[in-house]
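Have a look at run-v2.txt below; it lists compact mmCIF, C-alpha atoms.
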```txt
# COMPACT_ATOMS: atom_id res chain seq x y z
CA MET D 713 175.30 37.99 105.67
CA ASN D 714 171.68 39.00 105.93
CA CYS D 715 168.88 38.36 103.57
CA GLU D 716 169.07 41.76 101.98
CA THR D 717 172.70 41.17 101.03
CA ALA D 718 171.77 37.75 99.79
CA ARG D 719 169.12 39.28 97.61
CA LEU D 720 171.67 41.64 96.09
CA LEU D 721 174.12 38.79 95.49
CA MET D 722 171.46 36.78 93.80
CA GLU D 723 170.42 39.61 91.58
CA ASN D 724 174.06 39.84 90.51
CA ASN D 725 174.40 36.10 90.04
CA ASP D 726 177.12 35.94 92.65
CA PRO D 727 178.29 32.39 93.44
CA GLY D 728 178.70 33.24 97.14
CA LEU D 729 174.97 33.37 97.33
CA GLU D 730 174.30 29.68 97.23
CA GLN D 731 176.26 29.08 100.40
CA HIS D 732 174.07 31.48 102.31
CA MET D 733 170.83 30.36 100.83
CA ARG D 734 171.71 26.81 101.66
CA SER D 735 171.59 27.58 105.35
CA CYS D 736 168.94 30.26 105.44
CA PRO D 737 165.42 29.21 104.50
CA SER D 738 164.19 32.60 105.63
CA CYS D 739 165.97 34.16 102.68
CA VAL D 740 164.44 31.69 100.32
CA LEU D 741 161.03 32.43 101.66
CA GLN D 742 161.45 36.15 101.76
CA THR D 743 162.78 36.30 98.25
CA HIS D 744 160.84 33.53 96.59
CA ALA D 745 157.70 32.60 98.44
CA ARG D 746 154.62 33.80 96.71
CA TYR D 747 152.99 36.84 98.23
CA TYR D 748 149.35 36.85 97.25
CA GLU D 749 147.95 40.22 96.50
CA ALA D 750 144.31 40.99 97.08
CA PRO D 751 142.26 40.54 93.90
CA ALA D 752 141.03 43.67 92.17
CA GLY D 753 137.63 44.69 93.39
CA LEU D 754 138.00 43.23 96.86
CA GLU D 755 138.76 46.59 98.37
CA GLN D 756 135.64 48.05 96.75
CA LYS D 757 133.52 45.20 98.08
CA ILE D 758 134.87 45.73 101.57
CA ARG D 759 134.29 49.46 101.46
CA GLN D 760 130.70 48.87 100.36
CA SER D 761 130.00 46.33 103.06
CA LEU D 762 131.50 48.65 105.66
CA ARG D 763 129.22 51.43 104.50
CA ARG D 764 126.20 49.14 104.68
CA GLU D 765 127.25 48.04 108.15
CA ASN D 766 127.66 51.63 109.23
CA SER D 767 124.20 52.73 108.08
CA ALA D 768 122.32 49.58 109.15
CA PRO D 769 120.70 49.72 112.54
CA SER D 770 122.84 47.93 115.04
CA PRO D 771 121.62 44.67 116.57
CA TRP D 772 120.92 46.68 119.72
CA ARG D 773 118.62 48.96 117.82
CA TRP D 774 116.73 46.00 116.40
CA LEU D 775 116.48 44.71 119.92
CA ALA D 776 115.08 48.03 121.08
CA ILE D 777 112.53 48.03 118.24
CA ALA D 778 111.51 44.46 119.07
CA ALA D 779 111.23 45.36 122.74
CA SER D 780 108.99 48.33 122.10
CA LEU D 781 106.76 46.29 119.79
CA LEU D 782 106.50 43.67 122.49
CA LEU D 783 105.66 46.32 125.04
CA ALA D 784 102.92 47.78 122.84
CA ALA D 785 101.43 44.34 122.26
CA SER D 786 101.57 43.61 125.94
CA ILE D 787 99.83 46.87 126.82
CA ALA D 788 97.08 46.18 124.27
CA TRP D 789 96.65 42.67 125.61
CA ASN D 790 96.47 43.89 129.18
CA MET D 791 93.93 46.57 128.26
CA ALA D 792 91.79 43.91 126.58
CA LEU D 793 92.17 41.67 129.60
CA LEU D 794 91.29 44.52 131.94
CA ARG D 795 88.25 45.41 129.86
CA SER D 796 87.01 41.84 129.83
CA ARG D 797 87.64 41.68 133.56
CA MET D 798 85.69 44.86 134.05
CA ASP D 799 82.88 43.36 131.97
CA THR D 800 82.92 40.26 134.15
CA HIS D 801 82.90 42.52 137.16
CA GLN D 802 79.84 44.41 135.92
CA VAL D 803 77.94 41.18 135.25
CA LEU D 804 78.85 39.92 138.69
CA ALA D 805 77.82 43.16 140.36
CA ALA D 806 74.41 42.90 138.68
CA SER D 807 73.87 39.33 139.84
CA VAL D 808 75.07 40.14 143.36
CA LEU D 809 72.65 43.02 143.50
CA SER D 810 69.69 40.94 142.27
CA ALA D 811 70.52 38.26 144.85
CA HIS D 812 70.39 40.97 147.48
CA VAL D 813 67.10 42.39 146.24
CA ARG D 814 65.58 38.91 145.90
CA SER D 815 66.55 38.11 149.46
CA LEU D 816 64.74 41.20 150.70
CA ALA D 817 61.68 40.90 148.45
CA GLY D 818 60.78 37.32 149.29
CA THR D 819 60.58 35.44 152.48
CA HIS D 820 63.86 33.71 151.96
CA LEU D 821 66.35 35.98 153.71
CA LEU D 822 67.67 33.52 156.25
CA ASP D 823 68.18 29.78 156.26
CA VAL D 824 69.77 29.91 159.66
CA ILE D 825 68.65 32.51 162.13
CA SER D 826 71.23 33.26 164.78
CA SER D 827 73.28 36.09 166.11
CA ASP D 828 75.89 33.60 167.24
CA GLN D 829 78.76 33.13 164.84
CA HIS D 830 79.37 29.69 166.37
CA THR D 831 75.93 28.64 165.25
CA VAL D 832 76.00 30.22 161.82
CA LYS D 833 79.44 29.01 160.76
CA PRO D 834 78.83 25.30 161.49
CA TRP D 835 75.49 25.51 159.74
CA PHE D 836 77.32 25.84 156.40
CA ASN D 837 79.21 22.58 157.04
CA GLY D 838 78.14 19.98 154.55
CA LYS D 839 76.26 22.56 152.50
CA LEU D 840 79.33 24.19 150.99
CA ASP D 841 82.77 22.90 150.06
CA PHE D 842 84.34 25.81 151.90
CA SER D 843 83.89 27.37 155.29
CA PRO D 844 83.09 31.08 155.28
CA ALA D 845 84.53 33.33 157.97
CA VAL D 846 81.61 34.36 160.15
CA LYS D 847 82.50 37.26 162.41
CA ASP D 848 80.87 39.26 165.15
CA LEU D 849 81.13 42.89 164.26
CA GLU D 850 80.50 45.71 166.67
CA GLY D 851 77.61 47.85 165.54
CA PHE D 852 76.60 45.35 162.87
CA PRO D 853 74.73 42.50 164.56
CA LEU D 854 74.80 39.14 162.82
CA LEU D 855 71.32 38.03 161.85
CA GLY D 856 72.06 34.71 160.24
CA GLY D 857 73.00 33.15 156.91
CA ARG D 858 71.68 31.32 153.88
CA LEU D 859 72.86 29.58 150.75
CA GLU D 860 73.13 31.42 147.47
CA TYR D 861 74.26 30.60 143.99
CA LEU D 862 76.50 33.22 142.36
CA ASP D 863 79.09 33.32 139.56
CA SER D 864 78.28 29.63 138.87
CA HIS D 865 79.25 28.81 142.44
CA PRO D 866 77.41 27.93 145.59
CA ALA D 867 78.03 30.90 147.84
CA ALA D 868 77.56 31.74 151.48
CA ALA D 869 75.42 34.75 152.28
CA LEU D 870 75.96 36.23 155.72
CA VAL D 871 73.33 38.64 156.80
CA TYR D 872 74.13 41.54 159.09
CA GLY D 873 71.93 44.34 160.30
CA ARG D 874 72.40 48.02 160.96
CA GLN D 875 69.33 49.66 162.43
CA LYS D 876 66.66 48.84 159.83
CA HIS D 877 69.19 48.12 157.10
CA ILE D 878 70.18 44.70 155.89
CA ILE D 879 73.67 43.88 154.70
CA ASN D 880 74.27 40.80 152.57
CA LEU D 881 77.87 39.59 152.54
CA PHE D 882 78.40 37.04 149.79
CA ILE D 883 81.41 34.75 149.98
CA TRP D 884 82.62 32.10 147.56
CA PRO D 885 85.97 30.66 146.58
CA SER D 886 87.46 31.94 143.34
CA ALA D 887 90.85 31.56 141.67
CA ALA D 888 90.59 34.99 140.09
CA THR D 889 91.28 38.07 142.15
CA THR D 890 88.33 40.36 142.36
CA ALA D 891 88.95 44.03 141.95
CA GLU D 892 88.47 46.10 145.06
CA VAL D 893 85.58 48.13 143.86
CA SER D 894 83.08 50.27 145.67
CA GLU D 895 80.09 51.23 143.58
CA THR D 896 76.50 52.33 143.67
CA ARG D 897 73.75 50.66 141.64
CA ASN D 898 70.08 51.54 141.77
CA GLY D 899 70.65 53.26 145.10
CA TYR D 900 72.38 50.22 146.60
CA HIS D 901 76.03 50.24 147.53
CA LEU D 902 78.30 47.37 146.64
CA GLN D 903 81.80 46.63 147.72
CA SER D 904 83.94 43.79 146.44
CA TRP D 905 87.36 42.42 147.34
CA SER D 906 89.20 39.17 147.50
CA SER D 907 91.31 37.60 150.17
CA GLY D 908 92.75 34.15 150.79
CA GLY D 909 91.33 32.70 147.56
CA MET D 910 87.83 33.93 148.38
CA THR D 911 85.69 36.53 146.69
CA PHE D 912 83.65 38.86 148.88
CA TRP D 913 80.76 41.11 147.95
CA ALA D 914 78.96 43.27 150.47
CA VAL D 915 75.66 44.83 149.40
CA SER D 916 73.30 47.08 151.26
CA ASP D 917 71.03 50.08 151.03
CA LEU D 918 73.13 51.42 153.88
CA ASN D 919 74.95 54.65 153.12
CA GLU D 920 78.35 54.23 151.56
CA THR D 921 80.34 55.41 154.58
CA GLU D 922 78.75 52.91 156.90
CA LEU D 923 79.07 50.09 154.41
CA ARG D 924 82.75 50.93 154.14
CA GLN D 925 82.99 50.85 157.89
CA PHE D 926 81.34 47.42 157.87
CA VAL D 927 83.80 46.10 155.31
CA ARG D 928 86.72 47.60 157.19
CA LEU D 929 85.58 45.94 160.42
CA TYR D 930 85.00 42.60 158.74
CA ARG D 931 88.38 42.61 157.02
CA ARG D 932 90.21 43.65 160.16
CA ASN D 933 88.69 41.07 162.49
CA MET B 1248 132.79 59.28 117.91
CA ASN B 1249 130.21 59.78 115.20
CA PRO B 1250 129.70 56.82 112.84
CA ALA B 1251 130.93 58.59 109.70
CA ARG B 1252 134.18 59.73 111.33
CA ASN B 1253 134.68 56.32 112.84
CA LEU B 1254 134.35 54.68 109.42
CA ALA B 1255 136.70 57.20 107.84
CA ARG B 1256 139.30 56.52 110.51
CA PHE B 1257 138.91 52.76 110.07
CA GLU B 1258 139.31 53.03 106.32
CA GLU B 1259 142.36 55.20 106.71
CA ILE B 1260 144.15 52.94 109.19
CA ILE B 1261 142.98 49.43 108.32
CA ILE B 1262 142.13 49.32 104.60
CA PRO B 1263 145.79 49.83 103.52
CA HIS B 1264 146.64 46.41 104.96
CA LEU B 1265 144.30 44.60 102.62
CA ASN B 1266 147.12 42.79 100.80
CA ALA B 1267 148.59 41.48 104.03
CA ALA B 1268 145.13 40.33 105.12
CA TYR B 1269 144.50 38.58 101.83
CA ASN B 1270 147.95 37.00 101.70
CA LEU B 1271 147.52 35.52 105.17
CA ALA B 1272 144.01 34.26 104.48
CA ARG B 1273 145.12 32.82 101.16
CA TRP B 1274 148.00 30.92 102.72
CA LEU B 1275 145.92 29.68 105.63
CA THR B 1276 142.98 28.47 103.56
CA GLY B 1277 144.79 27.54 100.37
CA ASP B 1278 141.94 28.89 98.29
CA GLY B 1279 141.41 32.25 96.62
CA HIS B 1280 137.62 32.39 96.90
CA ASP B 1281 137.59 31.33 100.53
CA ALA B 1282 140.31 33.85 101.28
CA GLU B 1283 138.31 36.63 99.64
CA ASP B 1284 135.15 35.80 101.62
CA LEU B 1285 137.06 35.47 104.86
CA VAL B 1286 138.90 38.74 104.38
CA GLN B 1287 135.59 40.50 103.83
CA GLU B 1288 134.17 38.89 106.93
CA ALA B 1289 137.30 39.74 108.90
CA TYR B 1290 137.06 43.39 107.85
CA LEU B 1291 133.48 43.56 109.11
CA ARG B 1292 134.48 41.93 112.36
CA ALA B 1293 137.41 44.27 112.70
CA PHE B 1294 135.15 47.25 112.08
CA ARG B 1295 132.66 46.09 114.70
CA SER B 1296 135.41 45.78 117.27
CA PHE B 1297 137.29 48.86 116.12
CA ASP B 1298 136.75 50.37 119.57
CA THR B 1299 139.30 47.86 120.89
CA PHE B 1300 141.91 49.33 118.55
CA GLN B 1301 144.07 51.65 120.57
CA GLY B 1302 146.48 53.03 118.09
CA GLN B 1303 148.84 50.06 117.96
CA ASP B 1304 150.14 48.70 114.65
CA GLY B 1305 147.09 48.50 112.41
CA ARG B 1306 148.49 45.66 110.32
CA ALA B 1307 149.20 43.37 113.29
CA TRP B 1308 145.79 44.21 114.75
CA LEU B 1309 144.02 43.40 111.48
CA LEU B 1310 146.03 40.21 110.92
CA ALA B 1311 144.98 38.96 114.36
CA VAL B 1312 141.33 39.34 113.30
CA VAL B 1313 141.97 37.72 109.91
CA ARG B 1314 143.81 34.81 111.48
CA ASN B 1315 141.01 34.36 113.99
CA THR B 1316 138.35 34.44 111.29
CA CYS B 1317 140.27 31.89 109.21
CA PHE B 1318 140.88 29.51 112.10
CA THR B 1319 137.24 29.65 113.16
CA TRP B 1320 136.19 28.91 109.60
CA LEU B 1321 138.71 26.09 109.21
CA ARG B 1322 137.61 24.56 112.48
CA LYS B 1323 133.97 24.68 111.36
CA LYS B 1324 134.92 23.17 108.07
CA GLY B 1325 136.46 20.31 110.01
CA ASP B 1326 139.88 20.94 108.63
CA GLN B 1327 143.09 19.94 110.26
CA ALA B 1328 142.74 22.82 112.70
CA THR B 1329 140.34 20.66 114.68
CA VAL B 1330 143.23 18.39 115.52
CA GLU B 1331 144.95 19.87 118.52
CA PHE B 1332 148.42 20.84 117.56
CA ASP B 1333 150.83 18.39 119.09
CA GLU B 1334 154.26 19.89 119.68
CA GLN B 1335 155.74 16.45 120.32
CA MET B 1336 154.32 14.94 117.17
CA HIS B 1337 155.90 17.60 115.06
CA SER B 1338 159.28 17.51 116.76
CA GLY B 1339 160.20 14.01 115.64
CA ALA B 1340 163.88 12.98 115.52
CA GLY B 1341 165.95 13.14 112.35
CA GLU B 1342 164.47 16.41 111.20
CA SER B 1343 167.87 17.85 110.50
CA SER B 1344 169.28 14.83 108.69
CA HIS B 1345 168.57 16.16 105.23
CA ALA B 1346 168.81 19.81 105.99
CA GLU B 1347 172.31 20.21 104.70
CA SER B 1348 171.49 18.61 101.41
CA PHE B 1349 169.14 21.44 100.67
CA LEU B 1350 170.24 23.21 97.55
CA LEU B 1351 168.91 26.29 96.06
CA ASN B 1352 168.17 25.75 92.44
CA GLN B 1353 165.32 26.28 90.08
CA ALA B 1354 163.78 22.93 90.88
CA ALA B 1355 163.81 23.69 94.59
CA LEU B 1356 162.26 27.07 94.03
CA GLY B 1357 159.61 25.46 91.88
CA SER B 1358 158.66 23.15 94.71
CA LEU B 1359 158.81 25.89 97.34
CA GLN B 1360 155.15 26.66 96.76
CA ALA B 1361 154.15 23.02 97.12
CA CYS B 1362 156.32 22.57 100.18
CA LEU B 1363 154.85 25.62 101.88
CA GLU B 1364 151.35 24.51 101.09
CA ALA B 1365 152.09 21.08 102.46
CA LEU B 1366 153.22 22.44 105.81
CA PRO B 1367 150.85 21.74 108.68
CA LEU B 1368 148.60 24.72 109.34
CA GLU B 1369 150.33 25.77 112.55
CA PHE B 1370 153.71 25.87 110.80
CA ARG B 1371 152.39 27.67 107.75
CA ASP B 1372 150.78 30.15 110.09
CA VAL B 1373 154.00 31.24 111.78
CA ILE B 1374 156.05 31.07 108.57
CA VAL B 1375 153.68 33.40 106.76
CA LEU B 1376 153.49 35.82 109.66
CA ARG B 1377 157.26 35.84 110.15
CA GLU B 1378 158.78 35.47 106.69
CA LEU B 1379 156.13 36.98 104.47
CA GLU B 1380 154.61 39.58 106.74
CA GLU B 1381 157.87 40.06 108.62
CA LEU B 1382 156.18 40.48 111.96
CA SER B 1383 158.30 40.33 115.11
CA TYR B 1384 158.26 37.33 117.42
CA LYS B 1385 156.47 39.48 119.95
CA GLU B 1386 153.77 40.45 117.47
CA ILE B 1387 153.29 36.84 116.39
CA SER B 1388 153.11 35.76 120.00
CA ASP B 1389 150.39 38.34 120.62
CA ILE B 1390 148.45 37.40 117.52
CA ALA B 1391 148.64 33.63 118.03
CA ARG B 1392 148.28 33.97 121.80
CA VAL B 1393 151.20 31.66 122.53
CA PRO B 1394 154.46 32.41 124.38
CA ILE B 1395 157.35 33.81 122.36
CA GLY B 1396 159.31 30.61 123.06
CA THR B 1397 156.60 28.61 121.35
CA VAL B 1398 156.65 30.94 118.37
CA MET B 1399 160.40 30.49 118.06
CA SER B 1400 160.37 26.72 118.34
CA ARG B 1401 157.48 26.44 115.92
CA LEU B 1402 159.35 28.62 113.46
CA ALA B 1403 162.51 26.58 113.82
CA ARG B 1404 160.63 23.37 113.15
CA ALA B 1405 158.75 24.93 110.30
CA ARG B 1406 162.00 25.99 108.61
CA LYS B 1407 163.52 22.55 109.09
CA ARG B 1408 160.48 20.90 107.60
CA LEU B 1409 160.62 23.23 104.69
CA GLN B 1410 164.29 22.43 104.11
CA GLN B 1411 163.54 18.73 104.28
CA CYS B 1412 160.71 19.09 101.86
CA LEU B 1413 162.81 21.11 99.43
CA ALA B 1414 165.71 18.70 99.76
CA GLY B 1415 163.42 15.79 99.14
CA ALA B 1416 161.97 17.49 96.10
CA THR B 1417 165.33 18.16 94.49
CA ARG B 1418 167.05 14.87 95.21
```

For the file at hand, write its structure as structure tokens.
Amino acid sequence: MNCETARLLMENNDPGLEQHMRSCPSCVLQTHARYYEAPAGLEQKIRQSLRRENSAPSPWRWLAIAASLLLAASIAWNMALLRSRMDTHQVLAASVLSAHVRSLAGTHLLDVISSDQHTVKPWFNGKLDFSPAVKDLEGFPLLGGRLEYLDSHPAAALVYGRQKHIINLFIWPSAATTAEVSETRNGYHLQSWSSGGMTFWAVSDLNETELRQFVRLYRRN
Amino acid sequence: MNPARNLARFEEIIIPHLNAAYNLARWLTGDGHDAEDLVQEAYLRAFRSFDTFQGQDGRAWLLAVVRNTCFTWLRKKGDQATVEFDEQMHSGAGESSHAESFLLNQAALGSLQACLEALPLEFRDVIVLRELEELSYKEISDIARVPIGTVMSRLARARKRLQQCLAGATR
């Protein structure tokens, strides 16, 4: 006897039913356990929430929106940073240039007069907390060096010559990287770069091509 | 598939099983309000993962989500579901001793509800899926992620317990 038959027997008040039901809890459950029906209105609520879900931007879209906002903010921040760095750079260029002009105008161009790098380099010992790279450059004879004060730092000034022209190469340690810039101010050419934690500025009234050549030689040696 | 068509398809296939979803949630949680909230949540979850639906039986697929939602909720609530189900504990000796004294009468039927509600969650779970939703062993095994053998033994014990409970109530 299956449960369906049992159901029929029960509906007809048949005494044979009890025997079956006695041994078949499934029948009892299937015929008598309460089946809860969803309350009225639940379907409507579900349909509404599905519709809201379907029209709401997905979490991925929110993520994309957040990402683009972040990107925009980051670009703005970087622009501001760049601008302030450029400002710093301009200020520095001006002070480098006036140091150069001062050195030519007065009598204080050289503290140590020597064309020998092995004389000039040790001269800075004890005067600076860093040791500048003094190099012999072909076509640009070393004239000597002196102490300078730039960007709130003691700096080394190496002086090179080129015919009648004087080149000042300023060197000081700096945590910030200096932009590689080549520029012209008041007829002077300036070139800046950084390397190995040091900031370098070369200034001269030399023409731009030759100053570039000087920098290239210095950086290569 | 475009979102509107996707929703229409979901509503067509899954919404008709709302009663089954509610019945299961109601039996698992024992509370009408909780069941209503959980069914709503389950429908949203089902909709979000509708891409995993591959044309199998919509009711079994939905019930798996409902069951999952309920168990997660019960576990969070710190209900008995946190206690790992111990097959040994529930297979104690003497289970069948009163089974034959089970009689079907009005009193027994009256206590059927109480006896079902008193069943441990894991037993109630399989009983509802099997006897009320009339799912196959295979479907229950898929939904509960246990072997068919486990489904069968759980069901057998659940029925025995129910008989004992009913017998005890009518004696």

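CA of Leu1379 in chain B is positioned 7.3 Å from CA of Leu741 in chain D.
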
- Task: At a cut-off of 7 Å, list the chain D residues touching chain B, using only C-alpha atoms, as a PyMOL selection string.
- Result: chain D and resi 730+733-734+737-738+741-742+745+747-750+758+762+766

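One distance worth recording is that between CA of Asp1372 in chain B and CA of Leu1285 in chain B, which is 15.6 Å.
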
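Residues in contact range of Ser843 in chain D, defined as at most 12 Å between all atoms listed in the file, with sequence neighbours fewer than 6 positions away removed, read Val832, Lys833, Pro834, Trp835, Phe836, Asn837, Pro866, Ala867, Ala868, Ala869, Leu870, Ile883, Trp884, Pro885, Gly909 and Met910 of chain D.
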
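Residue neighbourhood of Asp917 in chain D, excluding near-sequence residues (fewer than 6 positions): His877, Gly899, Tyr900 and His901 of chain D, at 7 Å, using all atoms listed in the file.
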
- Kindly give the distance, in Å, that separates CA of Val824 in chain D and CA of Glu920 in chain D, rounded to a single decimal. 27.0 Å

- Contacts of range 1394-1401 of chain B at 7 Å (all atoms listed in the file; same-chain gap of 6+ positions) as a PyMOL selection string: chain B and resi 1370+1384-1385+1388
